[in-house]
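For reference, entry_21.csv is printed below; it contains CSV, C-alpha atoms.
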```
chain,number,residue,atom,x,y,z
A,1,MET,CA,98.5,85.9,81.3
A,2,ARG,CA,101.0,83.8,83.1
A,3,TYR,CA,103.7,85.5,85.3
A,4,GLU,CA,106.8,84.5,87.2
A,5,ILE,CA,107.8,86.5,90.3
A,6,ARG,CA,111.0,86.0,92.1
A,7,VAL,CA,111.6,87.1,95.7
A,8,ASP,CA,114.7,87.0,97.9
A,9,GLY,CA,115.1,84.1,100.2
A,10,GLU,CA,113.0,81.0,100.9
A,11,MET,CA,109.5,81.8,101.9
A,12,SER,CA,108.0,79.9,104.8
A,13,HIS,CA,105.0,77.6,104.3
A,14,THR,CA,102.9,80.1,106.2
A,15,ILE,CA,103.9,83.0,103.9
A,16,SER,CA,103.4,80.9,100.8
A,17,GLU,CA,99.8,80.3,101.9
A,18,ALA,CA,99.2,84.0,101.4
A,19,PHE,CA,99.5,83.4,97.7
A,20,PRO,CA,97.2,80.4,97.0
A,21,GLU,CA,96.8,81.4,93.3
A,22,LEU,CA,100.6,80.9,92.7
A,23,GLU,CA,102.8,77.8,92.7
A,24,SER,CA,106.1,78.2,94.4
A,25,VAL,CA,109.6,76.6,94.3
A,26,VAL,CA,112.9,77.5,95.8
A,27,ALA,CA,115.8,78.0,93.4
A,28,ALA,CA,119.3,79.5,94.0
A,29,GLY,CA,118.3,81.3,97.2
A,30,GLN,CA,115.1,82.7,95.8
A,31,THR,CA,111.5,81.7,95.9
A,32,VAL,CA,110.0,81.6,92.4
A,33,LEU,CA,106.2,82.0,92.2
A,34,SER,CA,104.3,81.5,89.0
A,35,GLY,CA,100.7,81.3,87.9
A,36,GLN,CA,97.8,82.8,85.9
A,37,ILE,CA,97.1,86.5,86.7
A,38,ALA,CA,93.9,87.7,85.1
A,39,ASP,CA,94.5,91.4,84.9
A,40,GLU,CA,96.5,94.4,86.2
A,41,VAL,CA,94.2,94.7,89.2
A,42,GLN,CA,95.1,91.2,90.4
A,43,LEU,CA,98.8,91.9,89.6
A,44,TYR,CA,98.9,95.1,91.7
A,45,GLY,CA,97.1,93.3,94.5
A,46,LEU,CA,99.8,90.6,94.5
A,47,LEU,CA,102.5,93.3,94.6
A,48,THR,CA,100.8,95.0,97.5
A,49,ARG,CA,100.7,91.6,99.4
A,50,PHE,CA,104.4,91.1,98.8
A,51,GLN,CA,105.1,94.5,100.1
A,52,SER,CA,102.9,94.2,103.2
A,53,LEU,CA,104.6,90.9,104.1
A,54,GLY,CA,108.1,92.5,103.7
A,55,LEU,CA,109.1,90.4,100.8
A,56,HIS,CA,111.6,91.9,98.3
A,57,VAL,CA,110.6,91.2,94.7
A,58,VAL,CA,113.8,90.7,92.7
A,59,GLU,CA,112.2,90.1,89.3
A,60,MET,CA,108.8,89.8,87.7
A,61,ARG,CA,108.1,88.8,84.1
A,62,ARG,CA,105.2,87.8,81.9
A,63,LEU,CA,105.7,84.3,80.4
A,64,HIS,CA,104.8,83.4,76.9
A,65,GLU,CA,101.9,81.0,76.7
```

Take the structure in the file and write it out as structure tokens.
Amino acid sequence: MRYEIRVDGEMSHTISEAFPELESVVAAGQTVLSGQIADEVQLYGLLTRFQSLGLHVVEMRRLHE
């Protein structure tokens, strides 16, 4: 399953490295991360990482493949 996750602001290079499984681009004042997420366990693990780094998830959606 491929997902797109948007967070507020521009993530630094150092913080982006905490998500090696996701590609990131900056658009309209947000960082957009996308990539393959194998299952719910991995998805919840990503959300926990966002929270522990103090990142505010604005939107998350599953993309059609």

Discussion item. Can you tell me which residues surround A:Gln30 at a distance of at most 8 Å, considering all atoms listed in the file, apart from same-chain residues fewer than 5 positions away, and format the answer as JSON, numbers by chain?
Written reply: {"A": [6, 7, 8, 9, 10]}

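Atom CA of A:Val58 to atom CA of A:Tyr44 spans 15.6 Å [interatomic distance, one decimal].
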
Discussion item. Quick one: residues within 9 Å of A:Leu63, all atoms listed in the file, excluding same-chain residues fewer than 3 positions away - as a list in words?
Written reply: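 Selected residues are Met1, Arg2, Tyr3 and Glu4 of chain A.
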
Response to the item:
The residue from A:Ser34, A:Thr48, A:Ser24, A:Ser12 with the smallest atom-to-atom distance to A:Arg62, counting all atoms listed in the file, is A:Ser34

Worksheet item: Do you have the atom CA of A:Val41-atom CA of A:Ala27 distance handy?
Response: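 That distance, rounded to one decimal, is 27.6 Å.
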
Fill in: Nearby residues (only C-alpha atoms) at most 12 Å from A:Ser16, same-chain spacing under 5 positions excluded, as JSON, numbers by chain
{"A": [7, 10, 11, 21, 22, 23, 24, 25, 26, 31, 32, 33, 34, 49, 50, 53, 55]}

Worksheet entry | Length of the atom CA of A:Gly54 to atom CA of A:Ala18 vector [Å] |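 Distance reported for this atom pair: 12.5 Å.
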
Worksheet item: For A:Pro20, which residue among A:Gly35, A:Val57, A:Leu47, A:Glu40 is the nearest when counting all atoms listed in the file?
Response: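 Once distances to A:Pro20 are computed over all atoms listed in the file, the minimum belongs to A:Gly35.
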
Fill in: Among the residues A:Ile5, A:Phe19, A:Gly45, A:Asp39, the one that comes closest to A:Arg61 [using all atoms listed in the file]
A:Ile5
